[in-house]
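First the structure, in the form of structure tokens, and then the observations on it.
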Amino acid sequence: MTRARADEEPKPISSSSSSGGGTAMRVIVPLQGVVQGRGGLFLGSVIPCALFYFLQLYLKRFRNDPGDPNDPSSSSPTQNTASSAPSRSSSSGQLTEHHGLPRSLSRSLLSPRNVGGPACVSGRVISILKTGETPCDVGSKQVEDDPYDEVGNPGGVIQLGLAQNKLSLDLVKNWLAENAEEAIVGGAGSNGIAFYQPFDGLMELKVAVAGFVSQFLGKEVSFNPSQIVLTAGAAPAIEILSFSLADSGNAFLVPTPYHPCFDRNVKWRTGVEIIPVPCRSADNFSLSITALDRAFNHARKRGLKVRGIIISNPSNPVGNVINRETLYSLLDFAREKNIHIVSNEILAGSTFGIGTEEFVSLAEIVDSEYLDRDRVHTVYNLSQDLSLPGFRISVIYSYNNSVLAAAKKLARFSSVSAPSQHLLVSMLSDTKFVQKFININRERLQRLYVKFVAGLRQLGIECAKSNGGFYCWADMSGLISSYSEKGELELWDKLLNVAKVNVTPGSSCHCIEPGWFSFSFTLLTEKDIHVVMERIRRISQTCKSHS
Amino acid sequence: MTQSHRTTEPEHRKPTTATAMRLIVPLQGVVQGRGGLILGSLIPCALFYFLQFYLKRHRSPNPPSPSTSSSNLAGLPRTSSRSTLSSRGSLGPVRISARGISIAKPDDSPYYIGLNKFRDDPYDKINNPNGIIQLGLAENTSCLDLIEKWVSENLSDSIMGRDGDDLSISGITTYQPFDGMMELKVAMAGFMSQVLGQAVSFDPSQIVLTAGATPAVEILCFCLADHGNALLVPSPYYPGFDRDIRFRTGVELIPVHCRSTDNFAFSITALDQAFNQARKRGVKVRGILICNPANPVGNIIPRETLYELLDFAREKNIHVISDEIYGGSIFGNEEFVSVAEILEAEEVDKDRVHIIYGLSKDLSLPGFRTGVIYSYNESVLAAAKKLTRFCSISAPTQRLLISMLSDTKFIQEYLETNKRRIKKLYDSFVAGLKQLGIRCSESSAGLYCWADMSGLIPSYSEKGELELWDKLLNIAKINVTPGSACHCIEPGWFRCCFTSLTHEDIPLVIERIQKVAETCK
């Protein structure tokens, strides 16, 4: 199968690499007449220069440049999304537009001098608004407007695009029913919940978290509570690390496919760039140091300073884990280049280990061997591990004192409210409950994953090997009309609007190979799986009959 | 590994040289004809340079789409072994970003030094009678009993739902919109009109909820100003603004000095002066940040000044951010007017006005980390909603607040009792200071008083002020905020937050200040 893929690949490549020379030729050929004929030297040099100037102008206009925000055209209503927003589908009618602000005047007559238009917002905000809506946003909105319900709305959209685990909600519910009141009021008194707390989290919770993390990693890793900073969700945790490790204009290497939220969490406010390091299906999308090295050198040639690598382990959206040997090589690579490693382990509590691959936390390696630890930073997502995404509590675990000091201060912008902290302190301290939860949750995840993958296989859709997470990463390249991003988005659009299932297309994850889709199966019941498969089958039949 | 590099490099060069040839050939005529040696070499060089430039740009587009795959990646051998790499060794300790370093620096503001010191040695009547008494944090404990009672009666119903049904469990555990649940926005809108002005109806769709007022301030700054722009802030101002705004946004704060002779009320003339000065320095002013009721002074901005301020903002075409977080903590006779009320009454251009609110002060729930951005500007609202992914409020807390804010009878009773109790504490604290000959500026709101201790400082300067602050902290063991931390231009003023004290604590505080005052005289 992989070989067939390799045969297909050269098509898009050859067309793209020849385009550079092609346009150059088109520019130069008509010049020959001028140069050799009447124009002579002067025109022969002026015209190429002028052409080049216009070329630059053209390129500049079509680039998504946040540094040129006061472009008057950007404040008028526009449907132009930046080139990075890949949705060209029929759903693009829903893409953001911000309105030309209507001005009203009455008191302006009072002030003698007149005004130059509406108050303008900052350039960086215009660029945030301009990025428009990704397929994920469009899909989620459709789910919100028309959610599937077995009884109430059987024709609605089924959500397969949101990383949320509902499989073990019953366990949490029972625990909360028994303990919530005691945890919030009894444990601390409202003195504890009403007043100012340290922005970076209560010490009790940090201690509980340290115990919890080593529990679900199932290893003899000792976590030091004083190296923990708590934040309101994984998004601020990643953003805070991005702020503290890199300056505006620096870059991080990120293996692709990566979760679409990185584009927002790492880049939006920090001014930091992401350099994608492409992984391929031939390697089951696992990371290779060679590719990292190449991306690093490439960035350096472009004058970009690379400050670190951000990895997701287990990978999100593919779901594979990074093996021990690769982690060692990664640490060596980081040491050689003197850069940081951010290990995003927000799905670490949701591994289900089919086969032999075991999950190894980077913290475990750093803990067991003395390497220079200053460069290693880990992010965990407590609320995700416990199926409580609404709680929004994440953990930055770092070995670098400066980073910890900065992160503790920056936590003022994303602190967790005290009632939730107290609730979690008691929940995590109940180790018996936690152990039971982890085991049952794993078992259920695995069962559902196996079912879902089997269902897809019956339709002829193969999934990449996965050991964790709420996703499966499916190869639907057989169903796309053209082997390109456009073909992929067409299929995505059909799945959303015809089959009514919301999935995440690989292009949103910056996957280099078209035709891959991420299905989040943890919101489904086993019954729902049949509905989903039936819907996909209908689409796949129309796709095949076309070709 | 190196070998693989060598093999790939020629592939890179090939297309470049080929196109270069195509470029150079037509130029031969020029070179061999009239042009001469210099031009003949210069022009191809320039063209080649531009071509390279062009190719380079097109070859590495920033967000690579699936079509830009390079063919040679798949053929590369896998990772080299660990030992060969690590033998080269490390280049020394890894560095963090410059902004990270500047944030990680130890605190130098007396405001934070005092807070840290308090944390290490807090006063307790029985266990630590010689500890530090906290007068530096605007926190209100006077109505804790009311909150305690309500929470104990309603907690499980509000979080778990009345009969613990599935829907409400999903309500707290599953993903919620980053910018807050709609129910909470509706409840918050009702609460805000109750507190900030009965005449105003707040629109829930103009509300964005954040994890405390701190991120609300930061998000607004991100939205309204770019790196290097500035906001005008009447000083003395709340010392936390320096961190809220300067840490990450790169926006400058330009203090507009107010003076004791005007009871620290700001004047449009001073604003205008500061605006022009900034413009001369080449700094672009994007807005004015006011605190109403003012922190640390506690005075209220009169209606007429608000009108003038809006006119000024319109004339300069800048934004107005009004921080009204103390809007419900009013105990004096002055009337509080929210800027929302003025916008409601008159059809002025609203899209330059943004209000910050929160529950930390008026409802004494700083631990709940609930802040509000209320804006009339569509773009700002759209951007702020997206940015709340970095500071959303935990769902159980939102549920709790929905019930609490919807309980209008409780809220009404709470607000009235709170005002009464603050007033009582204020009166007795100010009277105590008066006995020592320390005068406070007139104030009618807030959880603090603004005391003039210039009679006690050894030299009329910032240095003298900090010496007195140091004595108060280390000898008298009370933590107050010196005016210099609030960028006050006149030395000798101190902010004392009295609402975390009980009535029995006040004589003790006054006594401790007296001891220091005696040594100063």
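Chain labels run A, B, ... following the order of the structure tokens; each chain numbers its residues from 1, and ligands are numbered from 1 in the order shown.
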Using only C-alpha atoms, which protein or nucleic acid residues come within 8 Å of Val254 in chain A? Drop anything in the same chain fewer than 6 positions from it, and give the result as a list in words. Ile274, Ile275, Pro276, Val277, Ile309, Ile310 and Ile311 of chain A
What would the file look like if the residues just selected were written as a CSV table (one decimal), in the first residue's frame with all heavy atoms?
```csv
chain,number,residue,atom,x,y,z
A,274,ILE,N,6.2,29.0,13.5
A,274,ILE,CA,6.3,27.5,13.6
A,274,ILE,C,6.9,27.0,12.3
A,274,ILE,O,6.5,27.4,11.2
A,274,ILE,CB,4.9,26.9,13.7
A,274,ILE,CG1,4.4,27.0,15.2
A,274,ILE,CG2,4.9,25.4,13.4
A,274,ILE,CD1,3.0,26.4,15.4
A,275,ILE,N,7.9,26.2,12.4
A,275,ILE,CA,8.5,25.6,11.2
A,275,ILE,C,8.0,24.1,11.2
A,275,ILE,O,8.4,23.3,12.0
A,275,ILE,CB,10.0,25.6,11.2
A,275,ILE,CG1,10.4,27.1,11.2
A,275,ILE,CG2,10.6,24.9,10.0
A,275,ILE,CD1,11.9,27.3,11.4
A,276,PRO,N,7.2,23.8,10.2
A,276,PRO,CA,6.7,22.4,10.2
A,276,PRO,C,7.8,21.4,9.7
A,276,PRO,O,8.5,21.7,8.8
A,276,PRO,CB,5.5,22.4,9.2
A,276,PRO,CG,5.5,23.7,8.6
A,276,PRO,CD,6.6,24.6,9.1
A,277,VAL,N,7.8,20.3,10.4
A,277,VAL,CA,8.8,19.3,10.1
A,277,VAL,C,8.0,18.1,9.6
A,277,VAL,O,7.3,17.4,10.4
A,277,VAL,CB,9.7,18.8,11.3
A,277,VAL,CG1,10.6,17.8,10.8
A,277,VAL,CG2,10.4,20.0,11.9
A,309,ILE,N,12.0,22.8,20.0
A,309,ILE,CA,11.1,21.8,19.3
A,309,ILE,C,9.9,21.6,20.1
A,309,ILE,O,10.0,21.5,21.4
A,309,ILE,CB,11.8,20.4,19.1
A,309,ILE,CG1,13.2,20.6,18.5
A,309,ILE,CG2,11.0,19.5,18.3
A,309,ILE,CD1,14.1,19.4,18.7
A,310,ILE,N,8.7,21.5,19.5
A,310,ILE,CA,7.5,21.2,20.3
A,310,ILE,C,7.1,19.8,19.7
A,310,ILE,O,6.7,19.7,18.6
A,310,ILE,CB,6.4,22.2,20.1
A,310,ILE,CG1,6.9,23.6,20.5
A,310,ILE,CG2,5.2,21.8,20.9
A,310,ILE,CD1,5.8,24.7,20.3
A,311,ILE,N,7.1,18.8,20.6
A,311,ILE,CA,6.5,17.5,20.2
A,311,ILE,C,5.3,17.2,20.9
A,311,ILE,O,5.1,17.7,22.0
A,311,ILE,CB,7.6,16.4,20.4
A,311,ILE,CG1,8.0,16.4,21.9
A,311,ILE,CG2,8.7,16.5,19.5
A,311,ILE,CD1,8.7,15.1,22.3
```
Counting only C-alpha atoms, collect the residues of chain B whose closest atom lies at most 6 Å from chain A, and write them out as a tab-separated table (two decimals) with all heavy atoms, in the first residue's frame.
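New file part39.tsv:
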```
chain	number	residue	atom	x	y	z
B	26	PRO	N	20.24	35.54	-23.24
B	26	PRO	CA	19.77	36.71	-23.98
B	26	PRO	C	20.59	37.96	-23.72
B	26	PRO	O	20.57	38.90	-24.50
B	26	PRO	CB	18.33	36.90	-23.47
B	26	PRO	CG	18.23	36.13	-22.23
B	26	PRO	CD	19.21	35.01	-22.35
B	29	GLY	N	24.05	39.47	-26.10
B	29	GLY	CA	24.03	40.55	-27.09
B	29	GLY	C	24.46	41.87	-26.46
B	29	GLY	O	25.29	42.59	-27.01
B	66	PRO	N	-0.10	20.58	1.29
B	66	PRO	CA	0.36	19.24	0.93
B	66	PRO	C	1.07	19.17	-0.42
B	66	PRO	O	1.84	18.25	-0.65
B	66	PRO	CB	-0.94	18.44	0.90
B	66	PRO	CG	-1.81	19.13	1.86
B	66	PRO	CD	-1.46	20.59	1.77
B	67	SER	N	0.84	20.14	-1.29
B	67	SER	CA	1.44	20.01	-2.61
B	67	SER	C	2.92	20.35	-2.63
B	67	SER	O	3.61	20.04	-3.58
B	67	SER	CB	0.70	20.93	-3.58
B	67	SER	OG	0.81	22.25	-3.13
B	79	THR	N	17.40	8.03	11.91
B	79	THR	CA	18.28	8.76	12.84
B	79	THR	C	19.62	8.08	13.06
B	79	THR	O	19.74	6.87	13.12
B	79	THR	CB	17.62	8.85	14.20
B	79	THR	OG1	17.34	7.51	14.61
B	79	THR	CG2	16.37	9.64	14.14
B	82	ARG	N	22.92	7.64	18.97
B	82	ARG	CA	23.02	8.64	19.99
B	82	ARG	C	24.46	9.07	20.24
B	82	ARG	O	24.76	10.21	20.47
B	82	ARG	CB	22.47	7.99	21.25
B	82	ARG	CG	21.80	8.90	22.14
B	82	ARG	CD	21.29	8.07	23.29
B	82	ARG	NE	21.65	8.77	24.47
B	82	ARG	CZ	22.02	8.20	25.58
B	82	ARG	NH1	22.07	6.91	25.65
B	82	ARG	NH2	22.33	8.93	26.61
B	86	SER	N	26.14	12.93	20.56
B	86	SER	CA	26.45	13.54	21.85
B	86	SER	C	27.94	13.74	22.03
B	86	SER	O	28.36	14.48	22.90
B	86	SER	CB	25.87	12.70	22.98
B	86	SER	OG	26.22	11.35	22.79
B	90	SER	N	27.60	19.68	24.30
B	90	SER	CA	26.65	20.80	24.35
B	90	SER	C	27.39	22.12	24.23
B	90	SER	O	28.58	22.23	24.45
B	90	SER	CB	25.89	20.73	25.66
B	90	SER	OG	25.19	21.92	25.85
B	94	VAL	N	21.24	26.34	28.02
B	94	VAL	CA	20.29	26.83	27.03
B	94	VAL	C	19.71	28.16	27.51
B	94	VAL	O	19.51	28.36	28.70
B	94	VAL	CB	19.20	25.77	26.80
B	94	VAL	CG1	18.37	25.55	28.05
B	94	VAL	CG2	18.34	26.09	25.62
B	96	ILE	N	16.89	31.30	27.60
B	96	ILE	CA	15.47	31.55	27.40
B	96	ILE	C	15.33	32.92	26.72
B	96	ILE	O	16.31	33.64	26.54
B	96	ILE	CB	14.65	31.46	28.70
B	96	ILE	CG1	14.91	32.62	29.63
B	96	ILE	CG2	14.93	30.15	29.40
B	96	ILE	CD1	13.92	32.71	30.76
B	97	SER	N	14.11	33.26	26.35
B	97	SER	CA	13.92	34.47	25.56
B	97	SER	C	14.20	35.72	26.38
B	97	SER	O	14.12	35.71	27.61
B	97	SER	CB	12.49	34.51	25.03
B	97	SER	OG	11.58	34.69	26.08
B	100	GLY	N	11.35	36.59	28.43
B	100	GLY	CA	11.26	35.67	29.55
B	100	GLY	C	12.18	36.09	30.68
B	100	GLY	O	11.80	36.09	31.84
B	103	ILE	N	10.87	39.09	32.51
B	103	ILE	CA	9.74	38.78	33.39
B	103	ILE	C	10.22	38.01	34.62
B	103	ILE	O	9.73	38.22	35.72
B	103	ILE	CB	8.68	37.96	32.62
B	103	ILE	CG1	7.99	38.84	31.57
B	103	ILE	CG2	7.63	37.40	33.57
B	103	ILE	CD1	7.10	38.09	30.61
B	104	ALA	N	11.19	37.13	34.41
B	104	ALA	CA	11.65	36.28	35.51
B	104	ALA	C	12.46	37.04	36.55
B	104	ALA	O	12.68	36.53	37.65
B	104	ALA	CB	12.48	35.12	34.95
B	148	GLU	N	-20.41	32.91	52.63
B	148	GLU	CA	-20.30	31.57	53.23
B	148	GLU	C	-21.68	30.94	53.37
B	148	GLU	O	-21.88	29.78	53.00
B	148	GLU	CB	-19.67	31.69	54.62
B	148	GLU	CG	-18.42	30.89	54.78
B	148	GLU	CD	-17.68	31.28	56.05
B	148	GLU	OE1	-18.28	31.90	56.95
B	148	GLU	OE2	-16.48	30.97	56.12
B	156	SER	N	-24.43	22.58	46.21
B	156	SER	CA	-24.60	21.34	45.43
B	156	SER	C	-25.69	21.51	44.38
B	156	SER	O	-25.58	20.98	43.29
B	156	SER	CB	-24.89	20.16	46.35
B	156	SER	OG	-26.08	20.37	47.03
B	172	ILE	N	-20.84	20.95	33.49
B	172	ILE	CA	-19.60	21.38	34.12
B	172	ILE	C	-18.38	20.64	33.60
B	172	ILE	O	-17.27	21.10	33.73
B	172	ILE	CB	-19.63	21.29	35.66
B	172	ILE	CG1	-19.78	19.85	36.12
B	172	ILE	CG2	-20.71	22.16	36.24
B	172	ILE	CD1	-19.47	19.69	37.58
B	173	THR	N	-18.59	19.46	33.01
B	173	THR	CA	-17.40	18.71	32.64
B	173	THR	C	-17.00	18.93	31.19
B	173	THR	O	-15.83	18.88	30.87
B	173	THR	CB	-17.62	17.20	32.87
B	173	THR	OG1	-18.78	16.82	32.14
B	173	THR	CG2	-17.81	16.89	34.32
B	174	THR	N	-17.96	19.16	30.30
B	174	THR	CA	-17.60	19.21	28.89
B	174	THR	C	-17.11	20.60	28.49
B	174	THR	O	-17.22	21.55	29.24
B	174	THR	CB	-18.82	18.85	28.02
B	174	THR	OG1	-19.88	19.70	28.40
B	174	THR	CG2	-19.22	17.42	28.24
B	175	TYR	N	-16.60	20.66	27.26
B	175	TYR	CA	-16.11	21.93	26.75
B	175	TYR	C	-17.22	22.96	26.72
B	175	TYR	O	-18.34	22.66	26.33
B	175	TYR	CB	-15.60	21.77	25.32
B	175	TYR	CG	-14.15	21.41	25.24
B	175	TYR	CD1	-13.74	20.20	24.71
B	175	TYR	CD2	-13.19	22.29	25.70
B	175	TYR	CE1	-12.41	19.87	24.64
B	175	TYR	CE2	-11.85	21.97	25.64
B	175	TYR	CZ	-11.46	20.75	25.10
B	175	TYR	OH	-10.14	20.43	25.04
B	215	PRO	N	-6.50	39.39	32.92
B	215	PRO	CA	-6.46	39.10	31.48
B	215	PRO	C	-7.40	39.98	30.67
B	215	PRO	O	-7.15	40.20	29.48
B	215	PRO	CB	-6.88	37.63	31.40
B	215	PRO	CG	-7.42	37.25	32.71
B	215	PRO	CD	-6.88	38.20	33.71
B	223	CYS	N	-5.85	44.14	21.81
B	223	CYS	CA	-6.78	44.46	20.75
B	223	CYS	C	-6.67	45.91	20.28
B	223	CYS	O	-6.97	46.21	19.13
B	223	CYS	CB	-8.21	44.21	21.20
B	223	CYS	SG	-8.58	42.49	21.48
B	224	LEU	N	-6.31	46.80	21.18
B	224	LEU	CA	-6.40	48.21	20.83
B	224	LEU	C	-5.07	48.82	20.41
B	224	LEU	O	-5.04	49.83	19.73
B	224	LEU	CB	-6.96	49.02	22.01
B	224	LEU	CG	-8.33	48.55	22.50
B	224	LEU	CD1	-8.80	49.40	23.65
B	224	LEU	CD2	-9.35	48.60	21.37
B	225	ALA	N	-3.97	48.22	20.84
B	225	ALA	CA	-2.69	48.86	20.58
B	225	ALA	C	-1.67	47.85	20.10
B	225	ALA	O	-1.71	46.68	20.49
B	225	ALA	CB	-2.17	49.54	21.84
B	226	ASP	N	-0.76	48.31	19.26
B	226	ASP	CA	0.32	47.46	18.80
B	226	ASP	C	1.56	47.68	19.65
B	226	ASP	O	1.64	48.64	20.43
B	226	ASP	CB	0.62	47.76	17.33
B	226	ASP	CG	-0.39	47.10	16.40
B	226	ASP	OD1	-0.52	45.88	16.48
B	226	ASP	OD2	-1.05	47.82	15.65
B	315	GLU	N	-11.95	63.58	19.50
B	315	GLU	CA	-11.12	64.55	18.79
B	315	GLU	C	-9.79	63.94	18.39
B	315	GLU	O	-9.32	64.13	17.27
B	315	GLU	CB	-10.90	65.75	19.71
B	315	GLU	CG	-10.23	66.92	19.03
B	315	GLU	CD	-9.72	67.90	20.07
B	315	GLU	OE1	-10.46	68.18	21.03
B	315	GLU	OE2	-8.58	68.38	19.92
B	317	ASN	N	-9.29	60.77	18.15
B	317	ASN	CA	-9.60	59.46	17.57
B	317	ASN	C	-8.86	58.32	18.28
B	317	ASN	O	-8.13	57.55	17.68
B	317	ASN	CB	-9.29	59.43	16.07
B	317	ASN	CG	-9.95	58.26	15.37
B	317	ASN	OD1	-10.93	57.71	15.89
B	317	ASN	ND2	-9.41	57.85	14.24
B	318	ILE	N	-9.05	58.25	19.58
B	318	ILE	CA	-8.44	57.19	20.38
B	318	ILE	C	-9.52	56.49	21.21
B	318	ILE	O	-10.65	56.95	21.28
B	318	ILE	CB	-7.32	57.72	21.31
B	318	ILE	CG1	-7.86	58.83	22.21
B	318	ILE	CG2	-6.14	58.22	20.49
B	318	ILE	CD1	-6.83	59.39	23.15
B	348	VAL	N	-23.68	58.72	21.00
B	348	VAL	CA	-22.31	59.09	20.61
B	348	VAL	C	-21.65	57.90	19.96
B	348	VAL	O	-22.20	56.81	20.00
B	348	VAL	CB	-21.48	59.54	21.83
B	348	VAL	CG1	-21.91	60.92	22.27
B	348	VAL	CG2	-21.62	58.55	22.95
B	349	ASP	N	-20.51	58.11	19.33
B	349	ASP	CA	-19.91	56.93	18.72
B	349	ASP	C	-19.35	56.02	19.79
B	349	ASP	O	-18.44	56.37	20.52
B	349	ASP	CB	-18.87	57.29	17.66
B	349	ASP	CG	-17.74	58.12	18.20
B	349	ASP	OD1	-17.91	58.68	19.32
B	349	ASP	OD2	-16.71	58.21	17.57
B	352	ARG	N	-15.56	53.23	20.42
B	352	ARG	CA	-14.24	53.47	21.01
B	352	ARG	C	-14.26	53.26	22.52
B	352	ARG	O	-13.27	53.53	23.19
B	352	ARG	CB	-13.75	54.87	20.65
B	352	ARG	CG	-14.57	56.00	21.22
B	352	ARG	CD	-13.97	57.34	20.88
B	352	ARG	NE	-14.37	57.78	19.55
B	352	ARG	CZ	-13.56	57.82	18.51
B	352	ARG	NH1	-12.31	57.46	18.63
B	352	ARG	NH2	-13.99	58.24	17.35
B	365	LEU	N	-15.06	38.15	45.52
B	365	LEU	CA	-14.76	36.78	45.12
B	365	LEU	C	-13.52	36.71	44.23
B	365	LEU	O	-13.59	36.18	43.13
B	365	LEU	CB	-15.95	36.17	44.37
B	365	LEU	CG	-17.20	35.89	45.17
B	365	LEU	CD1	-18.32	35.42	44.26
B	365	LEU	CD2	-16.93	34.83	46.24
B	366	PRO	N	-12.38	37.26	44.69
B	366	PRO	CA	-11.21	37.23	43.82
B	366	PRO	C	-10.75	35.81	43.49
B	366	PRO	O	-10.21	35.56	42.43
B	366	PRO	CB	-10.14	37.98	44.61
B	366	PRO	CG	-10.60	37.94	46.01
B	366	PRO	CD	-12.09	37.89	45.97
B	367	GLY	N	-11.05	34.85	44.41
B	367	GLY	CA	-10.64	33.47	44.15
B	367	GLY	C	-11.39	32.85	42.98
B	367	GLY	O	-10.95	31.86	42.42
B	368	PHE	N	-12.53	33.46	42.60
B	368	PHE	CA	-13.31	32.91	41.51
B	368	PHE	C	-12.76	33.30	40.15
B	368	PHE	O	-13.17	32.76	39.14
B	368	PHE	CB	-14.78	33.36	41.62
B	368	PHE	CG	-15.59	32.53	42.56
B	368	PHE	CD1	-15.09	32.17	43.79
B	368	PHE	CD2	-16.85	32.11	42.22
B	368	PHE	CE1	-15.83	31.40	44.67
B	368	PHE	CE2	-17.61	31.34	43.08
B	368	PHE	CZ	-17.11	30.98	44.31
B	369	ARG	N	-11.85	34.25	40.14
B	369	ARG	CA	-11.20	34.68	38.89
B	369	ARG	C	-12.22	34.93	37.77
B	369	ARG	O	-12.22	34.26	36.75
B	369	ARG	CB	-10.18	33.64	38.40
B	369	ARG	CG	-9.17	33.12	39.37
B	369	ARG	CD	-8.28	34.14	40.00
B	369	ARG	NE	-7.62	35.05	39.08
B	369	ARG	CZ	-7.46	36.34	39.34
B	369	ARG	NH1	-7.93	36.89	40.41
B	369	ARG	NH2	-6.83	37.08	38.47
B	390	PHE	N	-7.14	31.61	26.04
B	390	PHE	CA	-6.00	31.62	26.96
B	390	PHE	C	-6.40	31.95	28.39
B	390	PHE	O	-5.56	31.99	29.27
B	390	PHE	CB	-4.95	32.62	26.48
B	390	PHE	CG	-4.44	32.31	25.10
B	390	PHE	CD1	-4.67	33.19	24.06
B	390	PHE	CD2	-3.74	31.15	24.86
B	390	PHE	CE1	-4.21	32.90	22.78
B	390	PHE	CE2	-3.28	30.86	23.59
B	390	PHE	CZ	-3.51	31.74	22.55
B	391	CYS	N	-7.65	32.27	28.65
B	391	CYS	CA	-8.02	32.67	30.01
B	391	CYS	C	-9.48	32.40	30.28
B	391	CYS	O	-10.20	33.29	30.72
B	391	CYS	CB	-7.70	34.14	30.24
B	391	CYS	SG	-8.52	35.22	29.08
B	394	SER	N	-13.21	28.27	34.66
B	394	SER	CA	-13.53	26.88	34.91
B	394	SER	C	-15.06	26.71	35.04
B	394	SER	O	-15.73	27.54	35.64
B	394	SER	CB	-12.84	26.47	36.20
B	394	SER	OG	-12.85	25.12	36.35
B	395	ALA	N	-15.57	25.62	34.46
B	395	ALA	CA	-17.03	25.47	34.36
B	395	ALA	C	-17.76	25.37	35.71
B	395	ALA	O	-18.81	25.98	35.86
B	395	ALA	CB	-17.34	24.25	33.50
```
If you count only C-alpha atoms, which residues fall within 12 Å of Arg535 in chain A, apart from same-chain ones fewer than 2 positions away, as a PyMOL selection string? chain A and resi 154-158+455-456+459+494-502+528-533+537-542
For CA of Leu466 in chain B and CA of Val256 in chain B, the interatomic separation in Å (one decimal):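 Computed distance, CA of Leu466 in chain B to CA of Val256 in chain B, equals 21.8 Å.
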Run DSSP on the backbone of this structure and report the residues of range 335-366 of chain B it assigns to strand (DSSP E or B), as a PyMOL selection string. chain B and resi 353-358
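If you look at CA of Asn284 in chain A and CA of Asn439 in chain A, they are 27.1 Å away from each other.
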Find the spatial neighbours of Asn224 in chain A, counting only C-alpha atoms, within a cut-off of 10 Å - ignore same-chain residues fewer than 2 positions away - and output them as a short mmCIF file (atom, residue, chain, number, x, y, z; two decimals) with N, CA and C atoms, in the first residue's frame.
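selection.cif was written with the following content:
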```
data_model
loop_
_atom_site.label_atom_id
_atom_site.label_comp_id
_atom_site.auth_asym_id
_atom_site.auth_seq_id
_atom_site.Cartn_x
_atom_site.Cartn_y
_atom_site.Cartn_z
N LYS A 206 -0.83 21.31 43.68
CA LYS A 206 0.43 20.91 43.03
C LYS A 206 0.92 19.57 43.58
N VAL A 207 0.81 19.41 44.89
CA VAL A 207 1.24 18.15 45.49
C VAL A 207 0.38 17.01 44.98
N VAL A 209 -1.25 16.90 42.20
CA VAL A 209 -0.97 16.71 40.78
C VAL A 209 0.29 15.88 40.59
N ALA A 210 1.31 16.18 41.40
CA ALA A 210 2.56 15.44 41.28
C ALA A 210 2.32 13.96 41.50
N GLY A 211 1.48 13.64 42.49
CA GLY A 211 1.15 12.25 42.74
C GLY A 211 0.37 11.64 41.60
N VAL A 221 8.47 7.69 38.55
CA VAL A 221 8.97 9.02 38.25
C VAL A 221 8.58 9.92 39.41
N SER A 222 9.53 10.66 39.94
CA SER A 222 9.15 11.55 41.03
C SER A 222 8.97 12.96 40.47
N SER A 226 7.26 21.79 43.34
CA SER A 226 7.72 23.16 43.16
C SER A 226 8.13 23.45 41.71
N GLN A 227 8.17 22.41 40.88
CA GLN A 227 8.45 22.64 39.46
C GLN A 227 7.17 22.72 38.63
N ILE A 228 6.03 22.79 39.34
CA ILE A 228 4.74 22.78 38.65
C ILE A 228 4.16 24.18 38.62
N TYR A 397 5.36 21.64 33.54
CA TYR A 397 6.37 21.05 34.42
C TYR A 397 7.72 21.31 33.78
N SER A 398 8.54 22.13 34.44
CA SER A 398 9.81 22.51 33.84
C SER A 398 10.94 22.32 34.81
N TYR A 399 12.14 22.09 34.26
CA TYR A 399 13.32 21.95 35.10
C TYR A 399 14.14 23.23 35.11
#
```
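Atom pair CA of Ser429 in chain A / CA of Asp200 in chain A: separated by 19.3 Å.
Closest approach to Glu465 in chain B from the set B:Pro110, B:Gly136, B:Gly358, B:Gly250 is made by B:Pro110, with distances taken over only C-alpha atoms.
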Choose the residue, out of B:Asn263, B:Ser459, B:Asn474, B:Asn418, that has the smallest atom-to-atom separation from Asn130 in chain B; count only C-alpha atoms. B:Asn474
